[in-house]
Amino acid sequence: MTDVLPTADDVREASTRLRSRIMPSPVLESEELNRRAGCRVLMKAESLQYGGSFKIRGALNGLLSLSESERHAGVVTFSSGNHAQGVALAARWLGVRATIVMPTDAPRIKRQGTERAGARVVPYDRHTEDRECIGADLAARSGAVLLPPFDHPDTIAGQGTVGLEIARFARDGGVGLDALYCPCGGGGLIAGCALVMETIFPECDIFAVEPAGYAETKRSLESGRRERVRGHPPTLCDALMAPTPGAVTFAINRRRLAGGLEVTDDQAARGVAFAARYLKLVLEPSGAVALGALLDGAATGRDCVAVVLSGANIDPERLCEIVARYPDP
């Protein structure tokens, strides 16, 4: 599949395709964050996007790229929750049947959001079962189209519109970007962002930010081959637990990324608490890993950087627990 890599033009076409259907999320600034990070920080608030994350972009672009007969057959995907909600929403908007393979331990808010949008949820055990095999079998038996959460050209192109909007905002404001810090699971979001960022800010360093125990893109960049997670390390970052980078995403990222950063649960939680206190934003731990890295000095010495706040789907009890644990993050 790596012989059909998406391009920056595909991202621009996705932007045109999605323009009338989703909102461009705001780019925010915070004096407190700038002070702590030691540089100017542009925050892309995808937590405010439809479905509470950037995933609607790739899901909707994927569905819009299907033929009428393919849409009629329905779609199947597998997801820890954010792509699930993106596909469920996009499918409802377009009148497409959607089946989602979701882990039994997915946050309640993600499963409820997926079911509320009208999708059928098929649960599985992420520690003992293979979601890709389950999804492929469901698609084969029903004749539906399988739409992966990150390792597909249309999904990557849709996710890349996040980076396109960041780059255009900075360029139109006369601002240069030294670096982009982006949450990374399977690598679709950062791959799409990298494709367009290099055409507008070719000197911008792009960093994958991953939870401790799941920094497989970081390890893969260092080794030059796709690495795989060892065991099932515990993490707050349920949306970033991909066992290995995608084949398509890594083919893009290995040539374009400056490196990877590994963030602890404590750093991610501090990002969640900081966003709640100072930004007045709800973030899930997975959506706050890049923010957590900046709060810990990842961008010290740079002039202006961008960070993606990628998702907001956190159970209310977990959010309250984190905010109480870090009253002054």
# chains A, B, ... in the order shown; residues from 1 in each chain; ligands from 1

$ select_by_dssp --residues "range 8-214 of chain A" --states "helix (DSSP H, G or I)" --output "PyMOL selection string"
chain A and resi 8-18+31-37+46-48+50-52+55-64+68-73+82-94+108-116+131-142+153-159+161-172+188-200

$ residues_around --residues "Gln112 in chain A" --least-positions-apart "2" --cutoff "12 Å" --atoms "only C-alpha atoms" --output "list in words"
Gly51, Gly81, Asn82, Ala84, Gln85, Ala88, Met102, Ala106, Pro107, Arg108, Ile109, Lys110, Thr114, Glu115, Arg116, Ala117, Gly118, Ala119, Arg120, Val121, Asn313, Ile314 and Asp315 of chain A

$ closest_residue --among "A:Leu309, A:Ala247, A:Val76, A:Val11" --to "Met43 in chain A" --atoms "only C-alpha atoms"
A:Leu309

$ residues_around --residues "Thr161 in chain A" --least-positions-apart "4" --cutoff "12 Å" --atoms "only C-alpha atoms" --output "count of residues only"
44

$ closest_atom_pairs --of "range 154-212 of chain A" --to "range 278-286 of chain A" --cutoff "12 Å" --atoms "only C-alpha atoms" --output "JSON lines"
{"residue": "A:Cys182", "atom": "CA", "partner": "A:Ser286", "partner_atom": "CA", "distance": 10.5}
{"residue": "A:Pro183", "atom": "CA", "partner": "A:Ser286", "partner_atom": "CA", "distance": 7.0}
{"residue": "A:Cys184", "atom": "CA", "partner": "A:Ser286", "partner_atom": "CA", "distance": 8.7}
{"residue": "A:Gly185", "atom": "CA", "partner": "A:Ser286", "partner_atom": "CA", "distance": 9.0}
{"residue": "A:Val209", "atom": "CA", "partner": "A:Ser286", "partner_atom": "CA", "distance": 9.6}
{"residue": "A:Glu210", "atom": "CA", "partner": "A:Ser286", "partner_atom": "CA", "distance": 8.4}
{"residue": "A:Pro211", "atom": "CA", "partner": "A:Ser286", "partner_atom": "CA", "distance": 7.8}
{"residue": "A:Ala212", "atom": "CA", "partner": "A:Ser286", "partner_atom": "CA", "distance": 11.4}

$ residues_around --residues "Val101 in chain A" --least-positions-apart "5" --cutoff "8 Å" --atoms "only C-alpha atoms" --output "JSON, numbers by chain"
{"A": [76, 77, 78, 79, 121, 122, 123, 124, 131, 134, 135]}

$ atom_distance --atom1 "CA of Gly292 in chain A" --atom2 "CA of Ala268 in chain A"
5.1 Å

$ select_by_dssp --residues "range 52-286 of chain A" --states "strand (DSSP E or B)" --output "ChimeraX atom specification"
/A:53,75-78,98-103,120-124,145-146,179-183,205-211,259-263

$ closest_residue --among "A:His232, A:Glu203, A:Glu129, A:Glu198" --to "Ile252 in chain A" --atoms "only C-alpha atoms"
A:Glu198

$ closest_residue --among "A:Gly38, A:Pro316, A:Pro148, A:Gly74" --to "Ala299 in chain A" --atoms "only C-alpha atoms"
A:Gly38

$ residues_around --residues "Cys204 in chain A" --least-positions-apart "5" --cutoff "7 Å" --atoms "only C-alpha atoms" --output "MDAnalysis selection string"
chainID A and resid 177:180

$ write_last_selection --atoms "C-alpha atoms" --output "PDB file, in the first residue's frame"
ATOM      1  CA  LEU A 177       7.278  28.356  12.580  1.00  0.00           C
ATOM      2  CA  ASP A 178      10.331  26.701  14.102  1.00  0.00           C
ATOM      3  CA  ALA A 179       8.604  23.474  15.071  1.00  0.00           C
ATOM      4  CA  LEU A 180       5.320  21.575  15.228  1.00  0.00           C
TER       5      LEU A 180
END

$ closest_residue --among "A:Gly231, A:Leu5, A:Arg92, A:Ala140" --to "Thr128 in chain A" --atoms "only C-alpha atoms"
A:Gly231

$ atom_distance --atom1 "CA of Arg270 in chain A" --atom2 "CA of Tyr326 in chain A"
6.6 Å

$ closest_residue --among "A:Glu262, A:Ala91, A:Leu66, A:Val27" --to "Val162 in chain A" --atoms "only C-alpha atoms"
A:Val27

$ closest_residue --among "A:Val41, A:Ala290, A:Ala144, A:Leu319" --to "Val175 in chain A" --atoms "only C-alpha atoms"
A:Val41

$ atom_distance --atom1 "CA of Gln159 in chain A" --atom2 "CA of Ala239 in chain A"
15.0 Å

$ residues_around --residues "Glu68 in chain A" --least-positions-apart "3" --cutoff "12 Å" --atoms "only C-alpha atoms" --output "PyMOL selection string"
chain A and resi 63-65+71-74+94-96+145

$ residues_around --residues "Gly260 in chain A" --least-positions-apart "2" --cutoff "8 Å" --atoms "only C-alpha atoms" --output "list in words"
Phe207, Ala208, Val209, Glu210, Ala215, Thr217, Lys218, Arg219, Leu221, Leu257, Ala258 and Glu262 of chain A
